[in-house]
Structure formats: structure tokens, C-alpha cells
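First up is the structure itself, then whatever we jot down about it.
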Amino acid sequence: MNLLPQPAHVDEHEGAFTLVSGLRIRVDAALQEAADRLQETVRAGLGIRLAQDAGTADIGGTAGTAGTAGTAGTAGTADTAGIAGTADTAATAGTAGTAGTADTAATAGTTPTAGTAGTADTAGTTGTADIADTAPTAPTAAITITADPSLAAEAYVLEIDAERIRISAADLRAAHSAVQTLLQLLPARVHRRASVSPTAAVSVPALRIDDAPRHRWRGVMLDVARRFAPVHEVLRLIDQLAMHRLNVLHLHLTDDQGWRAEIRRYPRLTEVGGWRTSSQLGAGPGATQDGRPHGGFYTQDDLREIVAYAAARGIEVVPEIELPGHVQAAIAAYPQLGLAAEPLEPWCGWGVNPHALNVEESTVAFFCDVLDEIIEIFPSAVIGIGGDECRKGEWQADPRTQELMRERGLADEEELQAWFIARIDEHVRSRGRRLFGWDEILEGGRVSGATVASWRGTAGAMIAARRGSDVVMCPEDTVYLDYRQSDSPDEPIATGLVTTVAHVRAFDPVPAGLEPEHRHRIVGGQANLWTEHVDSARRIDYQLFPRVAALAEALWSGQDPADVASFPARLDAHLERLEAAGIEYRRTSGPQPWQRIPGVRGKTYDRAERAAEIARLTANLE
């Protein structure tokens with residue numbers, strides 16, 4: 001069976017269920033959004049229209065309490081016919097009062113019209129509604145989505161027989177995952193935005209699936225600071241992640257090249273920091289500039305839209321505001337934040353920038369203000385603050401910074417960075433959130449309890465886990481998806497290490513050398529897409545897919561040998577779904593002619609040399 005990610009356990013049975021228009025879904029109120037996604041998708045892709053009961057898993061809901069003679073109280077959440085709405089208006093009201101369920105008519109007069117949402121039944125005098133002898137019997141729902149608190153977090157059971165589809169889910173995310181699995185049992189065209197076939201019915205094979213993810217953090221980081229992605233492109237990516245049962249979108253919102261989040265207290269961050277005059281083409285000695293202005297930013301309403309859209313699909317959006325390095329765009333907007341002798345503009349180059357924030361209390365306060373506005377928009381449990389690749393040359397050369405270090409009793413610049421991060425950490429905690437940063441936040445030894453994104457191999461992950469911090473694994477030698485997918489000269493702006501689909505499928509977030517008592521601290525993993533060389537939605541597709549499919553299965557299913565062995569064949573079948581969804585993935589044969597960028601060089605690495613460099617960069621962790 002061509003499911004991807006592969007579920008934990010599948011029992012196939014004889015027979016099938018026929019999905020046709022007019023069938024009804026009954027759903028627990030807490031899982032409503034999963035039912036909405038199912039309805040929307042099959043209606044668009046297959047032209048099959050499903051009706052829906054709203055409210056609880058019981059048909060209908062509990063009707064409101066009627067007052068004395070006049071209009072009844074607030075109606076329940078579904079009427080007799082099963083289409084969500086308020087209770088139908090009875091032609092002749094009987095004795096109302098506190099109604100039993102929304103399925104019971106007040107008393108028999110004229111039976112309510114099936115399926116028409118209306119106002120509450122007109123009450124008589126206070127009392128208990130009688131069950132009408134002639135009231136219609138609601139048909140049994142063909143699809144049920146119910147909550148089962150006995151299941152582990154994000155676990156679900158999908159059962160299909162000739163009569164019914166049943167989903168039992170631990171929570172809303174589990175219900176979303178179950179719906180995505182169900183969609184994979186349907187023809188690939190279900191992922192299209194409009195029906196292309198007149199078929200009136202679709203068969204779904206009879207089976208039972210018991211499933212739960214191996215890891216609870218399953219994400220993708222999208223860098224929108226180097227290359228701005230309009231809202232509609234971000235929403236499209238969210239749909240793609242949901243399709244693969246991924247549940248975190250990490251948005252890298254600020255960097256040297258651009259500031260993408262509206263901060264109302266400091267408008268120059270986007271007025272100045274959101275735009276640069278040119279962008280670098282390629283990398284290394286042969287790099288040039290394209291001479292084209294680039295920019296854009298998300299208003300706070302844009303960000304709320306992204307958050308809400310993702311939440312409705314079971315995805316949490318984690319924001320990142322970089323500090324104390326990777327901040328040239330912020331310093332360009334507010335020069336008092338930095339130490340540069342000359343005015344700066346948002347950086348037009350790529351790489352590790354020499355500029356850092358100064359470490360005055362006023363700078364700490366500035367970024368606390370920024371994070372207050374970010375926290376108000378993003379409900380995520382963790383808030384990203386970067387903390388990586390902060391060059392310390394300006395601190396070393398600046399007399400005022402050295403004076404502050406002495407006053408604070410700090411031995412070196414690593415301790416100074418840790419002091420800065422700790423101040424921000426204290427503020428984020430005071431707002432009821434936790435810090436999320438790259439593994440450089442471990443340097444200096446002052447930060448503990450933050451969630452660490454371990455990108456430089458496994459050294460940071462093991463240290464953080466032993467200290468009691470949660471860890472998200474994202475090693476650059478395995479899951480950096482801006483890296484080249486082969487050593488062919490046709491790869492567009494070939495960068496970094498060769499990172500194939502097989503490399504990503506082999507990703508195991510738990511370091512082999514980590515002691516068993518600390519392994520629960522590895523909460524999962526994510527792939528990172530840096531966008532220096534990824535300048536469009538089409539290039540995002542090319543870099544992410546089909547490697548994201550491999551990532552999704554590695555994080556959901558783990559490394560069971562049978563799943564790994566069957567993955568290539570299942571991926572081949574999955575490509576039809578990607579095509580139906582309009583995803584311009586990289587083909588096994590290599591890039592298509594329009595996906596190539598001849599004449600623009602990247603910067604590539606040898607694996608052994610890069611491993612040695614990472615070992616050098618992490619030698620100061622302890």
C-alpha cells in the first residue's frame with residue numbers, strides 16, 4: 001500500500017467503502033478543523049460533496065434552554081437532518097423548555113424540514129420537549145471522527161469497512177494526520193484544486209491503521225529574510241507540510257539581508273531594514289550582484305493569517321528574530337543598536353556578517369520590546385532568537401564593550417554573548433514562553449532550559465540533552481535542503497554537500513552516542529531551507545521535494561528496515577500526488593532545463609573537510 005509516511009501498523013481487509021456525494025460526516029467539536037479539511041479537499045479534487053453534523057459525536061447536539069412562551073433559547077449545534085446550523089423552526093410548537101437533543105422535535109405538528117438550517121423552535125410553555133412520533137430519524141453518518149483520550153499524543157486509528165469510515169484520534173493534530181492518511185487512499189487527483197474527472201464515486205479499501213509519530217517535532221525552517229516569500233507562497237508551503245504530516249513551520253524572519261516582521265513600536269525595521277538595493281548572484285570568488293532591489297515584509301495581520309492558516313491544518317509556526325549577530329538590517333534601521341563606525345544598509349551579500357549588536361541595556365530593552373510584539377502574534381510554546389554565527393571582532397575592539405564586560409564580571413566574549421542571550425531568555429520566560437536557538441546559545445554556559453536547534457553535527461545536541469534541554473536536530477550534513485542534490489554540473493547554483501533523498505530518509509534525530517536516559521530530550525527534527533540561492537516558489541519546490549517526503553517519513557516512521565526498503569517504490573507512487581498538488585519537484589533524472597541556472601557558481605563542500613570544520617567550530621562546547 002503506497003502510504004507515505006508509512007503508518008506504524010496496517011491491517012488490510014477484503015472489500016471497500018464507496019465514497020459518494022451526500023454522505024455525512026459526524027465529528028467531535030474539538031476535531032472540527034480536521035473534518036473541514038477532509039470536506040474541502042474531496043470537494044475540490046474529486047467533486048464529492050459531504051454533508052456534516054456539527055458539534056459533538058452524537059448526532060446533533062444539546063438544544064438550548066427555552067424560556068417561557070415565545071422563542072426558545074439558543075439552539076443546539078446541529079439539526080435533525082445533520083447539516084450544521086441552529087434548530088429548525090417547527091410549524092406548530094408544542095411544549096418546549098429544556099430540550100433533549102437537537103434531533104427531537106418540540107412536539108409533533110408539522111415536521112421540520114430536513115436539512116434546512118433555521119432559527120430555534122418556537123416554544124410553548126416551559127417544560128421538557130416531547131419526542132415527536134412523526135419526527136424524522138437522522139441517518140447514520142458514514143464517516144465519524146471522534147476523540148479518544150486513551151490514545152497517545154498524536155495517535156490515531158483509521159478503520160474502513162464496506163459501511164463506514166471511522167477515525168479515532170487522540171487530539172486535533174492526530175485527526176489531521178488521519179485525514180491525510182485517508183486522502184492517500186483516494187486517487188491522487190484529490191490533491192488538485194478542482195475536479196478533472198466526472199467520476200461520481202470513489203472506492204476506499206477496507207483496512208485498519210493504528211498509527212502514531214516517532215517524534216513530536218517534525219518541521220521545516222523557511223528563511224524568508226534572505227529572499228522574501230509573499231503570504232500566498234507561505235500558505236502554499238503550509239499545505240504541502242500538512243500533506244506530509246509535518247507539524248512545525250519555523251519562519252526565519254530577520255537577518256543581515258532583511259527584516260520581514262512589522263514591529264509597530266519600531267517602524268524603521270521594515271521601512272529601512274526590509275529592503276536592499278541588490279542581491280548576490282552565486283557564491284565564492286565568482287559571485288556578482290544582480291543590481292535588482294529586493295524586499296518585502298509581513299504586516300502583523302499577515303503574520304496572524306499565516307499562524308491561523310497553519311493552526312487550522314495542525315501546524316505550529318515558530319518565529320525567529322536573530323540576535324546578537326546576523327543583525328545588519330536592524331542596525332541599518334536603528335544605528336544606535338550597533339558598533340559600526342559608518343552607516344549601514346541591509347546587506348547585499350551572503351555569508352557570515354562581521355557586525356553584531358552592542359550590549360547596552362538599551363539594546364536589550366529594544367529587543368525585549370520587539371519580542372513582546374512577536375509573542376503577541378505567535379502562540380508557539382517557543383520563540384526563536386537565533387544566537388548563531390555572531391562574530392565578536394567589534395566587541396573585542398570596542399572600549400565601551402570591554403568596560404561593560406569588566407563591570408559584569410565576564411571573562412571573555414563568549415560569556416558576553418551568553419549574558420546577552422540569558423537576558424533575552426529571562427524576558428521570554430517572563431512572558432510564559434521558552435527560548436529556541438541554534439546550538440551556539442550553549443557557548444558560555446549560561447543558558448539552560450532553552451530548546452536547542454542542533455545544526456553543527458551532534459555535539460551541541462548531546463551537551464544540551466545532558467543539561468536537561470530539549471533538542472531539535474537539524475544537522476547541516478543531512479537536512480540542509482538548500483544543499484545540492486547531486487554532483488552534476490546541472491544542479492542550479494550547486495551549494496554545500498551532496499544531500500540526496502536517501503541521505504534525508506536515513507536521518508535519525510537521536511544521536512547514536514547519547515545515553516538512553518537523555519534520549520527523550522531529542523524532541524524531533526527539522527530540515528532547513530536557507531534562501532540565498534532560492535529566489536522563487538518554483539525553486540523552493542525544487543529544493544524541498546521530494547526530499548521533504550523523505551524527511552516526513554524519517555521523522556514519523558523512523559528507520560524500520562522494512563519501511564526503508566519499501567520507501568523508493570512508495571515514493572515513486574507519491575510523486576503522482578506531488579504533481580496533482582502542483583509541486584515542481586526535482587526528478588530522479590536531474591533538473592529540467594528550466595530548473596537549471598547555467599553560469600552561476602555556488603560554493604560546494606567535501607564531506608570529510610566539512611566534518612573537520614564542524615568539529616573545529618564546536619570544540620568550545622562543553
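Scheme for the C-alpha cells: letters A, B, ... for chains in order shown; per-chain residue numbers from 1; ligand numbers from 1 in order shown.
Proximity to Ala340 of chain A at 10 Å, evaluated using only C-alpha atoms and with sequence-adjacent residues fewer than 2 positions away removed, yields Gln328, Ile331, Ala332, Pro335, Gln336, Leu337, Gly338, Glu342, Pro343, Leu344, Pro354, His355, Ala356, Leu357, Asn358, Glu394 and Asp398 of chain A.
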Among listed residues A:Ala450, A:Ala29, A:Val472, A:Leu251, nearest Trp530 of chain A (using only C-alpha atoms)
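That would be A:Leu251, the residue with the smallest distance to Trp530 of chain A.
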Could you list, as a CSV table (one decimal) with N, CA and C atoms, in the first residue's frame, every residue within 9 Å of Pro213 of chain A, counting only C-alpha atoms and ignoring same-chain residues fewer than 2 positions away?
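Wrote it out as around_5.csv, contents follow:
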```csv
chain,number,residue,atom,x,y,z
A,7,PRO,N,2.5,4.2,7.9
A,7,PRO,CA,2.0,4.1,9.2
A,7,PRO,C,2.6,3.0,10.1
A,8,ALA,N,2.4,3.1,11.4
A,8,ALA,CA,3.0,2.1,12.3
A,8,ALA,C,2.5,0.7,12.0
A,153,ALA,N,-0.5,10.8,22.5
A,153,ALA,CA,-0.5,12.1,21.8
A,153,ALA,C,-0.2,11.9,20.3
A,154,GLU,N,-1.1,12.5,19.5
A,154,GLU,CA,-1.0,12.5,18.1
A,154,GLU,C,-1.3,11.1,17.4
A,155,ALA,N,-1.7,10.1,18.2
A,155,ALA,CA,-2.0,8.8,17.7
A,155,ALA,C,-3.4,8.8,17.2
A,211,ASP,N,-1.7,4.1,14.2
A,211,ASP,CA,-0.5,5.0,13.9
A,211,ASP,C,-0.3,6.0,14.9
A,215,HIS,N,8.4,11.0,16.4
A,215,HIS,CA,8.9,12.2,17.0
A,215,HIS,C,7.8,13.3,17.0
A,216,ARG,N,7.8,14.1,18.0
A,216,ARG,CA,6.7,15.1,18.1
A,216,ARG,C,7.0,16.4,17.4
A,555,LEU,N,11.0,11.2,10.2
A,555,LEU,CA,10.5,11.7,11.5
A,555,LEU,C,9.3,11.1,12.0
A,556,TRP,N,8.4,10.6,11.1
A,556,TRP,CA,7.2,9.9,11.5
A,556,TRP,C,7.4,8.5,11.8
A,557,SER,N,8.0,7.8,10.9
A,557,SER,CA,8.1,6.3,10.9
A,557,SER,C,9.4,5.8,11.5
A,558,GLY,N,10.5,6.6,11.5
A,558,GLY,CA,11.7,6.1,12.0
A,558,GLY,C,12.5,5.3,10.9
```
Just want the 7 Å neighbourhood of Leu246 of chain A, counted on only C-alpha atoms, with same-chain residues fewer than 4 positions away dropped. Output as JSON, numbers by chain.
{"A": [218, 219, 241, 242, 552]}
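The gap separating atom CA of Arg423 of chain A from atom CA of Arg467 of chain A is 19.1 Å, in Å to one decimal.
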Closest atom pairs, residues of segment 425-508 of chain A within 8 Å of segment 590-612 of chain A, only C-alpha atoms, as JSON lines:
```
{"residue": "A:Asp477", "atom": "CA", "partner": "A:Arg607", "partner_atom": "CA", "distance": 7.8}
{"residue": "A:Asp490", "atom": "CA", "partner": "A:Arg596", "partner_atom": "CA", "distance": 6.1}
{"residue": "A:Glu491", "atom": "CA", "partner": "A:Arg596", "partner_atom": "CA", "distance": 6.3}
{"residue": "A:Pro492", "atom": "CA", "partner": "A:Arg596", "partner_atom": "CA", "distance": 4.8}
{"residue": "A:Ile493", "atom": "CA", "partner": "A:Gly602", "partner_atom": "CA", "distance": 4.7}
{"residue": "A:Ala494", "atom": "CA", "partner": "A:Gly602", "partner_atom": "CA", "distance": 4.9}
{"residue": "A:Thr495", "atom": "CA", "partner": "A:Thr604", "partner_atom": "CA", "distance": 4.8}
{"residue": "A:Gly496", "atom": "CA", "partner": "A:Thr604", "partner_atom": "CA", "distance": 4.3}
{"residue": "A:Leu497", "atom": "CA", "partner": "A:Tyr605", "partner_atom": "CA", "distance": 5.2}
```
What would the file look like if the residues just selected were written as a compact mmCIF listing (two decimals), in the first residue's frame with all heavy atoms?
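Contents of part_10.txt, freshly written:
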```txt
# COMPACT_ATOMS: atom_id res chain seq x y z
N ASP A 477 24.74 18.42 7.54
CA ASP A 477 25.23 17.42 6.60
C ASP A 477 24.15 16.44 6.15
O ASP A 477 24.42 15.57 5.32
CB ASP A 477 26.41 16.66 7.20
CG ASP A 477 26.04 15.84 8.44
OD1 ASP A 477 24.91 15.99 8.95
OD2 ASP A 477 26.91 15.07 8.91
N ASP A 490 24.77 20.32 -13.67
CA ASP A 490 23.48 20.92 -13.99
C ASP A 490 22.70 21.38 -12.76
O ASP A 490 21.67 22.06 -12.90
CB ASP A 490 22.60 19.93 -14.77
CG ASP A 490 23.11 19.71 -16.18
OD1 ASP A 490 23.79 20.61 -16.71
OD2 ASP A 490 22.84 18.63 -16.74
N GLU A 491 23.14 20.99 -11.55
CA GLU A 491 22.42 21.44 -10.35
C GLU A 491 22.44 22.96 -10.28
O GLU A 491 23.49 23.58 -10.47
CB GLU A 491 23.04 20.85 -9.08
CG GLU A 491 22.84 19.36 -8.91
CD GLU A 491 21.40 18.96 -8.70
OE1 GLU A 491 20.58 19.81 -8.31
OE2 GLU A 491 21.08 17.78 -8.96
N PRO A 492 21.28 23.59 -10.05
CA PRO A 492 21.24 25.06 -10.04
C PRO A 492 21.99 25.64 -8.84
O PRO A 492 21.69 25.35 -7.69
CB PRO A 492 19.73 25.35 -9.96
CG PRO A 492 19.13 24.13 -9.36
CD PRO A 492 19.97 22.97 -9.80
N ILE A 493 22.98 26.48 -9.13
CA ILE A 493 23.83 27.12 -8.12
C ILE A 493 24.21 26.10 -7.06
O ILE A 493 23.84 26.19 -5.88
CB ILE A 493 23.16 28.36 -7.49
CG1 ILE A 493 22.51 29.24 -8.56
CG2 ILE A 493 24.19 29.18 -6.70
CD1 ILE A 493 21.88 30.50 -8.05
N ALA A 494 24.99 25.10 -7.48
CA ALA A 494 25.35 23.98 -6.61
C ALA A 494 26.04 24.48 -5.34
O ALA A 494 27.04 25.20 -5.40
CB ALA A 494 26.25 23.02 -7.36
N THR A 495 25.48 24.09 -4.19
CA THR A 495 25.92 24.62 -2.91
C THR A 495 26.08 23.49 -1.90
O THR A 495 25.32 22.51 -1.93
CB THR A 495 24.89 25.63 -2.37
OG1 THR A 495 24.71 26.67 -3.34
CG2 THR A 495 25.32 26.25 -1.07
N GLY A 496 27.05 23.62 -1.02
CA GLY A 496 27.18 22.72 0.12
C GLY A 496 27.52 21.30 -0.26
O GLY A 496 28.21 21.02 -1.24
N LEU A 497 27.03 20.36 0.55
CA LEU A 497 27.27 18.94 0.37
C LEU A 497 26.24 18.33 -0.56
O LEU A 497 25.11 18.83 -0.67
CB LEU A 497 27.21 18.22 1.72
CG LEU A 497 28.15 18.73 2.81
CD1 LEU A 497 27.78 18.11 4.14
CD2 LEU A 497 29.60 18.42 2.47
```
Suppose you want the space between atom CA of Ala573 of chain A and atom CA of Arg37 of chain A; what is it in Å?
22.7 Å
Give me the residues near His252 of chain A as number ranges by chain, where near means some atom within 9 Å (using only C-alpha atoms) and where sequence neighbours in that chain fewer than 6 positions away do not count.
A: 221-225, 260, 318-322, 384, 386, 530
Convert the current residue selection to file output with N, CA, C and O atoms, as a compact mmCIF listing (two decimals), in the first residue's frame.
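out33.txt was written with the following content:
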```txt
# COMPACT_ATOMS: atom_id res chain seq x y z
N MET A 221 12.26 24.60 8.33
CA MET A 221 12.59 26.01 8.51
C MET A 221 12.66 26.68 7.13
O MET A 221 13.37 26.20 6.25
N LEU A 222 11.91 27.76 6.98
CA LEU A 222 11.96 28.55 5.75
C LEU A 222 12.57 29.91 6.07
O LEU A 222 12.06 30.66 6.90
N ASP A 223 13.66 30.21 5.39
CA ASP A 223 14.34 31.50 5.53
C ASP A 223 13.66 32.51 4.59
O ASP A 223 13.83 32.44 3.37
N VAL A 224 12.89 33.43 5.17
CA VAL A 224 12.25 34.47 4.36
C VAL A 224 12.99 35.79 4.50
O VAL A 224 12.55 36.81 3.94
N ALA A 225 14.11 35.79 5.24
CA ALA A 225 14.88 37.02 5.42
C ALA A 225 15.77 37.29 4.21
O ALA A 225 15.86 38.42 3.73
N ARG A 260 11.66 41.11 8.15
CA ARG A 260 10.40 40.80 7.48
C ARG A 260 9.16 40.90 8.36
O ARG A 260 8.06 40.64 7.87
N VAL A 318 6.70 28.72 14.35
CA VAL A 318 7.67 29.20 15.32
C VAL A 318 8.45 30.35 14.68
O VAL A 318 9.13 30.16 13.66
N PRO A 319 8.37 31.57 15.24
CA PRO A 319 9.09 32.70 14.66
C PRO A 319 10.54 32.74 15.15
O PRO A 319 10.87 32.22 16.22
N GLU A 320 11.39 33.37 14.35
CA GLU A 320 12.77 33.60 14.78
C GLU A 320 13.17 35.04 14.49
O GLU A 320 13.04 35.52 13.36
N ILE A 321 13.66 35.72 15.54
CA ILE A 321 14.23 37.06 15.43
C ILE A 321 15.70 36.94 15.81
O ILE A 321 16.04 36.65 16.95
N GLU A 322 16.60 37.14 14.84
CA GLU A 322 18.02 36.90 15.07
C GLU A 322 18.66 37.93 15.99
O GLU A 322 18.38 39.13 15.89
N GLY A 384 11.98 31.77 18.73
CA GLY A 384 13.35 31.70 18.24
C GLY A 384 14.09 33.02 18.33
O GLY A 384 13.54 34.08 18.02
N GLY A 386 17.68 32.93 17.35
CA GLY A 386 18.92 32.76 16.58
C GLY A 386 20.09 32.40 17.47
O GLY A 386 20.20 31.30 17.97
N TRP A 530 17.71 27.50 3.63
CA TRP A 530 18.23 28.86 3.52
C TRP A 530 18.09 29.31 2.08
O TRP A 530 18.25 28.53 1.15
```
Nearest residue to Val220 of chain A out of A:Ala51, A:Ala365, A:Ile374, A:Ile315, using only C-alpha atoms?
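Once distances to Val220 of chain A are computed over only C-alpha atoms, the minimum belongs to A:Ile315.
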Go through segment 296-356 of chain A residue by residue and, counting only C-alpha atoms, keep those with an atom at most 12 Å from segment 170-192 of chain A; for each kept residue give the shortest atom pair and its distance in Å to one decimal, ordered by chain and increasing number, as a Markdown table.
```
| residue | atom | partner | partner_atom | distance |
| --- | --- | --- | --- | --- |
| A:Ala310 | CA | A:Arg173 | CA | 11.4 |
| A:Ala311 | CA | A:Arg173 | CA | 9.3 |
| A:Ala312 | CA | A:His176 | CA | 9.1 |
| A:Arg313 | CA | A:His176 | CA | 6.7 |
| A:Gly314 | CA | A:Arg173 | CA | 5.0 |
| A:Ile315 | CA | A:Arg173 | CA | 8.0 |
| A:Glu316 | CA | A:Arg173 | CA | 10.2 |
```
Resulting file, chosen residues, N, CA, C and O atoms, as a PDB file, in the first residue's frame:
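Final output, selection-v4.pdb:
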```pdb
ATOM      1  N   ALA A 310      -2.079  27.948   9.417  1.00  0.00           N
ATOM      2  CA  ALA A 310      -1.306  26.780   9.830  1.00  0.00           C
ATOM      3  C   ALA A 310      -2.005  26.018  10.945  1.00  0.00           C
ATOM      4  O   ALA A 310      -2.088  24.782  10.915  1.00  0.00           O
ATOM      5  N   ALA A 311      -2.522  26.739  11.928  1.00  0.00           N
ATOM      6  CA  ALA A 311      -3.187  26.082  13.058  1.00  0.00           C
ATOM      7  C   ALA A 311      -4.381  25.261  12.588  1.00  0.00           C
ATOM      8  O   ALA A 311      -4.645  24.176  13.121  1.00  0.00           O
ATOM      9  N   ALA A 312      -5.101  25.750  11.591  1.00  0.00           N
ATOM     10  CA  ALA A 312      -6.253  25.024  11.059  1.00  0.00           C
ATOM     11  C   ALA A 312      -5.848  23.763  10.321  1.00  0.00           C
ATOM     12  O   ALA A 312      -6.701  22.966   9.937  1.00  0.00           O
ATOM     13  N   ARG A 313      -4.547  23.551  10.146  1.00  0.00           N
ATOM     14  CA  ARG A 313      -4.027  22.365   9.474  1.00  0.00           C
ATOM     15  C   ARG A 313      -3.086  21.578  10.383  1.00  0.00           C
ATOM     16  O   ARG A 313      -2.315  20.742   9.909  1.00  0.00           O
ATOM     17  N   GLY A 314      -3.138  21.866  11.678  1.00  0.00           N
ATOM     18  CA  GLY A 314      -2.355  21.109  12.646  1.00  0.00           C
ATOM     19  C   GLY A 314      -0.888  21.470  12.692  1.00  0.00           C
ATOM     20  O   GLY A 314      -0.056  20.670  13.144  1.00  0.00           O
ATOM     21  N   ILE A 315      -0.539  22.680  12.269  1.00  0.00           N
ATOM     22  CA  ILE A 315       0.865  23.100  12.192  1.00  0.00           C
ATOM     23  C   ILE A 315       1.097  24.302  13.092  1.00  0.00           C
ATOM     24  O   ILE A 315       0.321  25.261  13.079  1.00  0.00           O
ATOM     25  N   GLU A 316       2.173  24.256  13.860  1.00  0.00           N
ATOM     26  CA  GLU A 316       2.571  25.375  14.708  1.00  0.00           C
ATOM     27  C   GLU A 316       3.641  26.189  13.978  1.00  0.00           C
ATOM     28  O   GLU A 316       4.572  25.622  13.401  1.00  0.00           O
TER      29      GLU A 316
END
```
DSSP helix (DSSP H, G or I) residues within segment 567-613 of chain A, as an MDAnalysis selection string
chainID A and resid 567:580 593:595 607:613
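Ranking A:Arg49, A:Arg431, A:Leu158, A:Ala422 by their shortest atom-to-atom distance to Asp11 of chain A, with only C-alpha atoms included, puts A:Leu158 first.
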Point-to-point distance from atom CA of Ala147 of chain A to atom CA of Asp210 of chain A, Å rounded to tenths:
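Straight-line distance from atom CA of Ala147 of chain A to atom CA of Asp210 of chain A works out to 14.5 Å.
Residues in contact with His518 of chain A at 8 Å, where only C-alpha atoms are counted and same-chain residues fewer than 4 positions away are skipped, are listed as Ala465, Arg466, Gly468, Leu514 and Ile522 of chain A.
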